[in-house]
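For reference, model-v8.cif is printed below; it contains mmCIF, C-alpha atoms.
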data_entry
loop_
_atom_site.group_PDB
_atom_site.id
_atom_site.type_symbol
_atom_site.label_atom_id
_atom_site.label_comp_id
_atom_site.auth_asym_id
_atom_site.auth_seq_id
_atom_site.Cartn_x
_atom_site.Cartn_y
_atom_site.Cartn_z
ATOM 1 C CA MET H 17 85.027 -76.031 -209.412
ATOM 2 C CA THR H 18 86.808 -76.039 -212.752
ATOM 3 C CA MET H 19 85.131 -75.902 -216.107
ATOM 4 C CA ASP H 20 85.063 -79.069 -218.211
ATOM 5 C CA ARG H 21 85.169 -77.501 -221.680
ATOM 6 C CA ASP H 22 84.598 -80.784 -223.526
ATOM 7 C CA ALA H 23 81.567 -81.674 -221.413
ATOM 8 C CA ALA H 24 80.190 -78.151 -221.859
ATOM 9 C CA ALA H 25 80.586 -78.340 -225.648
ATOM 10 C CA ARG H 26 78.862 -81.756 -225.698
ATOM 11 C CA ALA H 27 76.018 -80.355 -223.590
ATOM 12 C CA ILE H 28 75.539 -77.429 -225.982
ATOM 13 C CA ARG H 29 75.629 -79.805 -228.960
ATOM 14 C CA ASP H 30 73.019 -81.964 -227.171
ATOM 15 C CA LEU H 31 70.890 -78.906 -226.391
ATOM 16 C CA LEU H 32 70.914 -77.856 -230.045
ATOM 17 C CA GLY H 33 69.941 -81.403 -231.027
ATOM 18 C CA ALA H 34 67.115 -81.476 -228.472
ATOM 19 C CA LEU H 35 65.831 -78.203 -229.964
ATOM 20 C CA GLY H 36 65.816 -79.732 -233.442
ATOM 21 C CA TYR H 37 69.126 -78.378 -234.768
ATOM 22 C CA ASP H 38 71.999 -80.551 -235.919
ATOM 23 C CA ALA H 39 75.386 -79.006 -235.261
ATOM 24 C CA ASP H 40 77.058 -81.875 -237.117
ATOM 25 C CA THR H 41 75.305 -81.229 -240.433
ATOM 26 C CA ASP H 42 74.425 -77.526 -240.357
ATOM 27 C CA PRO H 43 77.527 -75.560 -241.441
ATOM 28 C CA ALA H 44 76.390 -72.467 -239.507
ATOM 29 C CA LEU H 45 76.242 -74.493 -236.278
ATOM 30 C CA ARG H 46 79.230 -76.783 -236.755
ATOM 31 C CA ASP H 47 81.529 -74.819 -234.414
ATOM 32 C CA THR H 48 78.792 -73.278 -232.257
ATOM 33 C CA PRO H 49 79.311 -75.522 -229.199
ATOM 34 C CA GLU H 50 83.013 -74.684 -228.979
ATOM 35 C CA ARG H 51 82.423 -70.980 -229.722
ATOM 36 C CA ALA H 52 79.719 -70.810 -227.043
ATOM 37 C CA VAL H 53 82.034 -72.436 -224.500
ATOM 38 C CA ASP H 54 84.783 -69.951 -225.419
ATOM 39 C CA ALA H 55 82.399 -67.009 -225.024
ATOM 40 C CA TRP H 56 81.078 -68.221 -221.697
ATOM 41 C CA SER H 57 84.392 -69.290 -220.191
ATOM 42 C CA SER H 58 86.630 -66.433 -221.349
ATOM 43 C CA GLU H 59 84.085 -63.600 -221.249
ATOM 44 C CA LEU H 60 80.570 -64.034 -219.910
ATOM 45 C CA LEU H 61 81.460 -66.098 -216.834
ATOM 46 C CA SER H 62 85.091 -65.037 -216.403
ATOM 47 C CA GLY H 63 84.422 -63.271 -213.098
ATOM 48 C CA ARG H 64 84.042 -66.578 -211.311
ATOM 49 C CA SER H 65 87.804 -67.098 -211.438
ATOM 50 C CA VAL H 66 88.638 -63.620 -210.094
ATOM 51 C CA ASP H 67 89.680 -63.341 -206.451
ATOM 52 C CA LEU H 68 87.901 -60.139 -205.399
ATOM 53 C CA GLU H 69 90.155 -59.574 -202.398
ATOM 54 C CA ALA H 70 93.311 -59.840 -204.527
ATOM 55 C CA LEU H 71 91.790 -57.552 -207.175
ATOM 56 C CA VAL H 72 90.964 -54.856 -204.613
ATOM 57 C CA HIS H 73 94.324 -55.125 -202.841
ATOM 58 C CA ALA H 74 96.212 -54.929 -206.142
ATOM 59 C CA GLY H 75 94.277 -51.756 -207.007
ATOM 60 C CA THR H 76 94.829 -50.009 -203.679
ATOM 61 C CA LEU H 77 96.958 -46.899 -203.986
ATOM 62 C CA ALA H 78 99.687 -46.317 -201.405
ATOM 63 C CA GLN H 79 98.429 -42.975 -200.189
ATOM 64 C CA THR H 80 96.400 -41.740 -197.273
ATOM 65 C CA VAL H 81 93.092 -39.981 -197.696
ATOM 66 C CA ALA H 82 93.448 -36.446 -196.358
ATOM 67 C CA ALA H 83 89.783 -35.483 -196.099
ATOM 68 C CA PRO H 84 87.733 -37.853 -193.918
ATOM 69 C CA GLY H 85 84.482 -36.735 -195.591
ATOM 70 C CA SER H 86 85.588 -37.501 -199.146
ATOM 71 C CA VAL H 87 83.462 -39.548 -201.536
ATOM 72 C CA VAL H 88 84.793 -41.388 -204.577
ATOM 73 C CA LEU H 89 82.169 -41.842 -207.280
ATOM 74 C CA VAL H 90 82.459 -43.410 -210.730
ATOM 75 C CA ARG H 91 79.407 -43.543 -212.959
ATOM 76 C CA ASP H 92 78.577 -45.088 -216.334
ATOM 77 C CA ILE H 93 80.724 -48.193 -215.880
ATOM 78 C CA ASP H 94 79.754 -50.605 -218.669
ATOM 79 C CA VAL H 95 78.232 -53.830 -217.362
ATOM 80 C CA ALA H 96 77.445 -57.109 -219.116
ATOM 81 C CA THR H 97 76.129 -60.136 -217.274
ATOM 82 C CA LEU H 98 74.051 -63.287 -217.715
ATOM 83 C CA CYS H 99 70.667 -63.802 -216.084
ATOM 84 C CA PRO H 100 70.973 -67.004 -214.041
ATOM 85 C CA HIS H 101 67.302 -67.819 -214.659
ATOM 86 C CA HIS H 102 67.415 -67.934 -218.467
ATOM 87 C CA LEU H 103 71.140 -67.698 -219.306
ATOM 88 C CA LEU H 104 70.353 -64.634 -221.410
ATOM 89 C CA PRO H 105 72.473 -61.464 -221.392
ATOM 90 C CA ALA H 106 71.786 -58.211 -219.627
ATOM 91 C CA HIS H 107 73.776 -55.043 -220.139
ATOM 92 C CA GLY H 108 73.840 -51.444 -219.008
ATOM 93 C CA THR H 109 75.766 -49.303 -216.574
ATOM 94 C CA ALA H 110 76.852 -49.149 -212.961
ATOM 95 C CA THR H 111 77.492 -46.251 -210.642
ATOM 96 C CA VAL H 112 79.812 -47.025 -207.744
ATOM 97 C CA ALA H 113 80.604 -44.795 -204.797
ATOM 98 C CA TYR H 114 82.576 -45.400 -201.651
ATOM 99 C CA LEU H 115 83.727 -43.494 -198.583
ATOM 100 C CA PRO H 116 87.449 -44.189 -198.202
ATOM 101 C CA ARG H 117 88.843 -44.668 -194.727
ATOM 102 C CA THR H 118 92.627 -44.595 -195.140
ATOM 103 C CA SER H 119 93.377 -45.604 -198.707
ATOM 104 C CA LEU H 120 92.113 -45.058 -202.209
ATOM 105 C CA LEU H 121 91.515 -47.492 -205.041
ATOM 106 C CA GLY H 122 92.580 -46.879 -208.595
ATOM 107 C CA LEU H 123 89.534 -45.826 -210.593
ATOM 108 C CA GLY H 124 90.034 -48.685 -213.027
ATOM 109 C CA THR H 125 89.906 -51.076 -210.089
ATOM 110 C CA LEU H 126 86.286 -50.064 -209.475
ATOM 111 C CA ALA H 127 85.427 -50.924 -213.089
ATOM 112 C CA HIS H 128 87.319 -54.230 -212.820
ATOM 113 C CA LEU H 129 85.484 -55.018 -209.574
ATOM 114 C CA VAL H 130 82.073 -54.409 -211.146
ATOM 115 C CA ASN H 131 83.085 -56.547 -214.133
ATOM 116 C CA ALA H 132 84.361 -59.399 -211.938
ATOM 117 C CA CYS H 133 81.113 -59.429 -209.939
ATOM 118 C CA ALA H 134 78.869 -59.159 -213.006
ATOM 119 C CA ARG H 135 80.622 -61.916 -214.958
ATOM 120 C CA ARG H 136 79.240 -64.654 -212.712
ATOM 121 C CA LEU H 137 75.873 -66.347 -212.730
ATOM 122 C CA ALA H 138 74.272 -63.974 -210.239
ATOM 123 C CA LEU H 139 71.085 -61.958 -210.064
ATOM 124 C CA GLN H 140 71.483 -58.231 -210.702
ATOM 125 C CA GLU H 141 70.675 -57.509 -207.058
ATOM 126 C CA ARG H 142 73.451 -59.848 -205.920
ATOM 127 C CA VAL H 143 75.997 -58.260 -208.285
ATOM 128 C CA GLY H 144 75.526 -54.885 -206.580
ATOM 129 C CA GLU H 145 75.730 -56.479 -203.145
ATOM 130 C CA MET H 146 79.012 -58.213 -204.072
ATOM 131 C CA VAL H 147 80.538 -54.898 -205.176
ATOM 132 C CA VAL H 148 79.495 -53.197 -201.926
ATOM 133 C CA GLU H 149 80.687 -56.098 -199.766
ATOM 134 C CA ALA H 150 84.083 -56.179 -201.489
ATOM 135 C CA LEU H 151 84.598 -52.441 -201.022
ATOM 136 C CA ILE H 152 83.739 -52.582 -197.331
ATOM 137 C CA GLN H 153 85.517 -55.819 -196.539
ATOM 138 C CA PHE H 154 88.633 -55.597 -198.720
ATOM 139 C CA ALA H 155 89.098 -51.828 -199.267
ATOM 140 C CA ASP H 156 88.098 -50.919 -195.708
ATOM 141 C CA ALA H 157 85.590 -48.390 -197.034
ATOM 142 C CA ARG H 158 83.424 -46.659 -194.429
ATOM 143 C CA GLY H 159 80.505 -47.036 -196.794
ATOM 144 C CA ALA H 160 79.820 -48.230 -200.323
ATOM 145 C CA PHE H 161 77.093 -47.920 -202.942
ATOM 146 C CA CYS H 162 76.399 -49.647 -206.259
ATOM 147 C CA ARG H 163 73.528 -48.743 -208.581
ATOM 148 C CA LEU H 164 72.987 -50.950 -211.623
ATOM 149 C CA SER H 165 70.735 -49.965 -214.528
ATOM 150 C CA LEU H 166 70.482 -52.916 -216.895
ATOM 151 C CA TRP H 167 68.483 -53.917 -219.959
ATOM 152 C CA HIS H 168 67.609 -57.619 -219.656
ATOM 153 C CA SER H 169 67.079 -59.595 -222.834
ATOM 154 C CA CYS H 170 64.999 -62.104 -220.837
ATOM 155 C CA LEU H 171 62.549 -59.257 -220.090
ATOM 156 C CA ALA H 172 62.729 -57.802 -223.599
ATOM 157 C CA LEU H 173 62.638 -60.883 -225.819
ATOM 158 C CA ARG H 174 60.404 -63.325 -223.964
ATOM 159 C CA GLY H 175 57.608 -63.327 -221.421
ATOM 160 C CA ALA H 176 56.494 -59.720 -220.886
ATOM 161 C CA ARG H 177 58.418 -58.550 -223.999
ATOM 162 C CA GLN H 178 59.265 -55.141 -222.626
ATOM 163 C CA ALA H 179 61.941 -54.057 -225.098
ATOM 164 C CA HIS H 180 62.607 -50.674 -223.487
ATOM 165 C CA ALA H 181 62.407 -51.597 -219.806
ATOM 166 C CA THR H 182 65.484 -51.203 -217.645
ATOM 167 C CA VAL H 183 65.941 -52.709 -214.227
ATOM 168 C CA ARG H 184 67.537 -50.488 -211.590
ATOM 169 C CA THR H 185 68.853 -51.921 -208.345
ATOM 170 C CA ILE H 186 70.684 -50.212 -205.513
ATOM 171 C CA ALA H 187 72.954 -51.836 -202.963
ATOM 172 C CA ALA H 188 74.452 -49.868 -200.094
ATOM 173 C CA GLY H 189 76.455 -50.768 -197.032
ATOM 174 C CA GLY H 190 78.264 -49.210 -194.105
ATOM 175 C CA GLU H 191 77.673 -45.488 -193.638
ATOM 176 C CA LEU H 192 75.997 -45.239 -197.053
ATOM 177 C CA ALA H 193 73.289 -47.671 -195.934
ATOM 178 C CA ASP H 194 71.967 -44.956 -193.617
ATOM 179 C CA PRO H 195 68.774 -43.624 -195.262
ATOM 180 C CA ALA H 196 69.842 -39.980 -194.884
ATOM 181 C CA ALA H 197 73.288 -40.647 -196.425
ATOM 182 C CA LEU H 198 71.720 -42.682 -199.218
ATOM 183 C CA ALA H 199 69.188 -39.917 -199.938
ATOM 184 C CA SER H 200 72.001 -37.350 -199.999
ATOM 185 C CA LEU H 201 73.991 -39.477 -202.454
ATOM 186 C CA GLU H 202 70.933 -39.947 -204.683
ATOM 187 C CA ARG H 203 70.385 -36.154 -204.706
ATOM 188 C CA LEU H 204 74.021 -35.689 -205.711
ATOM 189 C CA LEU H 205 73.625 -38.212 -208.517
ATOM 190 C CA ALA H 206 70.441 -36.496 -209.732
ATOM 191 C CA GLN H 207 72.293 -33.167 -210.015
ATOM 192 C CA GLU H 208 75.255 -34.594 -211.886
ATOM 193 C CA PRO H 209 75.137 -34.847 -215.657
ATOM 194 C CA GLY H 210 74.992 -38.361 -217.091
#
Once more with this new file: its structure as structure tokens, please.
Amino acid sequence: MTMDRDAAARAIRDLLGALGYDADTDPALRDTPERAVDAWSSELLSGRSVDLEALVHAGTLAQTVAAPGSVVLVRDIDVATLCPHHLLPAHGTATVAYLPRTSLLGLGTLAHLVNACARRLALQERVGEMVVEALIQFADARGAFCRLSLWHSCLALRGARQAHATVRTIAAGGELADPAALASLERLLAQEPG
């Protein structure tokens, strides 16, 4: 499904009007519909157009993993996403780990993968699951893990108004879905700085 930028801008203009704001007469709002569409299409929802399989394959290094017990772990990956319930932003960090089978991914590829999954209208839980699924399916990882720690503006600015609350979700698959392996990884993460 492709984005209809003109229809989206009209819808935002209509939304502002329905809320009592006139984008045609208020100079501060005059270009808001187009700016909002630009922000959503080129940034906040840009992951929808990313082919996760192609992204992972492009980031696969042409080398064999020597140690079968190796773990690749990247923490503190910046994450920004939109809550699909309120269309409000959430941001924070991700920690991604995977057990390579025969090949390694470039470290930047892990950050790009998290970004591509987060920049879709998906619940936080689903974002982590997408990262794990892509690593297992497309990178042939023996196991994968994604922990997201996000501050949700929908939780902070409305409803419960919990300005300091963070939401932590964990997704794991393959060998890292085993409770003992997951507990071992969590202990490792607790010992690491950061």
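Surrounding residues of (87.1, -44.4, -196.5) at most 10 Å away are H:Thr80, H:Val81, H:Ala83, H:Pro84, H:Gly85, H:Ser86, H:Val87, H:Val88, H:Tyr114, H:Leu115, H:Pro116, H:Arg117, H:Thr118, H:Ser119, H:Leu120, H:Leu151, H:Ile152, H:Ala155, H:Asp156, H:Ala157, H:Arg158, H:Gly159, H:Ala160, H:Glu191 (based on only C-alpha atoms).
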Expected file: the selected residues, C-alpha atoms, as a compact mmCIF listing (two decimals), keeping the file's coordinate frame:
# COMPACT_ATOMS: atom_id res chain seq x y z
CA THR H 80 96.40 -41.74 -197.27
CA VAL H 81 93.09 -39.98 -197.70
CA ALA H 83 89.78 -35.48 -196.10
CA PRO H 84 87.73 -37.85 -193.92
CA GLY H 85 84.48 -36.74 -195.59
CA SER H 86 85.59 -37.50 -199.15
CA VAL H 87 83.46 -39.55 -201.54
CA VAL H 88 84.79 -41.39 -204.58
CA TYR H 114 82.58 -45.40 -201.65
CA LEU H 115 83.73 -43.49 -198.58
CA PRO H 116 87.45 -44.19 -198.20
CA ARG H 117 88.84 -44.67 -194.73
CA THR H 118 92.63 -44.60 -195.14
CA SER H 119 93.38 -45.60 -198.71
CA LEU H 120 92.11 -45.06 -202.21
CA LEU H 151 84.60 -52.44 -201.02
CA ILE H 152 83.74 -52.58 -197.33
CA ALA H 155 89.10 -51.83 -199.27
CA ASP H 156 88.10 -50.92 -195.71
CA ALA H 157 85.59 -48.39 -197.03
CA ARG H 158 83.42 -46.66 -194.43
CA GLY H 159 80.50 -47.04 -196.79
CA ALA H 160 79.82 -48.23 -200.32
CA GLU H 191 77.67 -45.49 -193.64
* Please provide as a PyMOL selection string all residues within 12 Å of stretch 183-186 of chain H, with the sequence filter that same-chain residues fewer than 5 positions apart are discarded (counting all atoms listed in the file). => chain H and resi 106-113+139-148+160-172+178+192-193+198-199+201-202
* Structure fact -> Atom pair atom CA of H:Gln207 + atom CA of H:Thr125, distance 25.1 Å
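Minimum atom-to-atom distance to H:Asp54, evaluated using all atoms listed in the file, belongs to H:Ala25 out of H:Ala25, H:Thr41, H:Arg174, H:Leu68.
Of the residues under consideration (H:Arg136, H:His101, H:His128, H:Arg46), H:Arg136 shows the shortest atom-to-atom contact distance to H:Ser62 when counting all atoms listed in the file.
We find atom CA of H:Val130 and atom CA of H:Val95 to be spaced 7.3 Å apart.
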* To do: Carefully work through the PyMOL selection byres ((chain H and resi 59) around 12) for this structure and note down the residues it includes, as JSON, numbers by chain.
  => {"H": [51, 52, 53, 54, 55, 56, 57, 58, 60, 61, 62, 63, 64, 65, 96, 97, 98, 105, 131, 132, 134, 135, 136]}
Keeping C-alpha atoms, export the residues of the selection given above as a CSV table (one decimal), in the coordinates of the input.
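Final output, result.csv:
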chain,number,residue,atom,x,y,z
H,51,ARG,CA,82.4,-71.0,-229.7
H,52,ALA,CA,79.7,-70.8,-227.0
H,53,VAL,CA,82.0,-72.4,-224.5
H,54,ASP,CA,84.8,-70.0,-225.4
H,55,ALA,CA,82.4,-67.0,-225.0
H,56,TRP,CA,81.1,-68.2,-221.7
H,57,SER,CA,84.4,-69.3,-220.2
H,58,SER,CA,86.6,-66.4,-221.3
H,60,LEU,CA,80.6,-64.0,-219.9
H,61,LEU,CA,81.5,-66.1,-216.8
H,62,SER,CA,85.1,-65.0,-216.4
H,63,GLY,CA,84.4,-63.3,-213.1
H,64,ARG,CA,84.0,-66.6,-211.3
H,65,SER,CA,87.8,-67.1,-211.4
H,96,ALA,CA,77.4,-57.1,-219.1
H,97,THR,CA,76.1,-60.1,-217.3
H,98,LEU,CA,74.1,-63.3,-217.7
H,105,PRO,CA,72.5,-61.5,-221.4
H,131,ASN,CA,83.1,-56.5,-214.1
H,132,ALA,CA,84.4,-59.4,-211.9
H,134,ALA,CA,78.9,-59.2,-213.0
H,135,ARG,CA,80.6,-61.9,-215.0
H,136,ARG,CA,79.2,-64.7,-212.7
Extending 4 Å beyond the listed atoms of stretch 158-162 of chain H on each side, what axis-aligned box results? I want centre and edge lengths in Å to one decimal, as JSON.
{"center_x": 79.9, "center_y": -48.2, "center_z": -200.3, "size_x": 15.0, "size_y": 11.0, "size_z": 19.8}
* To do: Would you mind reading off the distance between atom CA of H:Arg91 and atom CA of H:Glu69, one decimal, in Å?
  => 22.0 Å
All residues 10 Å or closer to H:Arg26, only C-alpha atoms, same chain fewer than 5 positions away omitted, as a compact mmCIF listing (two decimals) with C-alpha atoms, in the frame of the given file:
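This went into around_33.txt:
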# COMPACT_ATOMS: atom_id res chain seq x y z
CA ARG H 21 85.17 -77.50 -221.68
CA LEU H 31 70.89 -78.91 -226.39
CA LEU H 32 70.91 -77.86 -230.04
CA PRO H 49 79.31 -75.52 -229.20
CA GLU H 50 83.01 -74.68 -228.98
CA VAL H 53 82.03 -72.44 -224.50
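Take the candidates H:Ala70, H:Ile93, H:Ala23, H:His102 and check each one against H:Gly175 using all atoms listed in the file; the shortest distance goes to H:His102.
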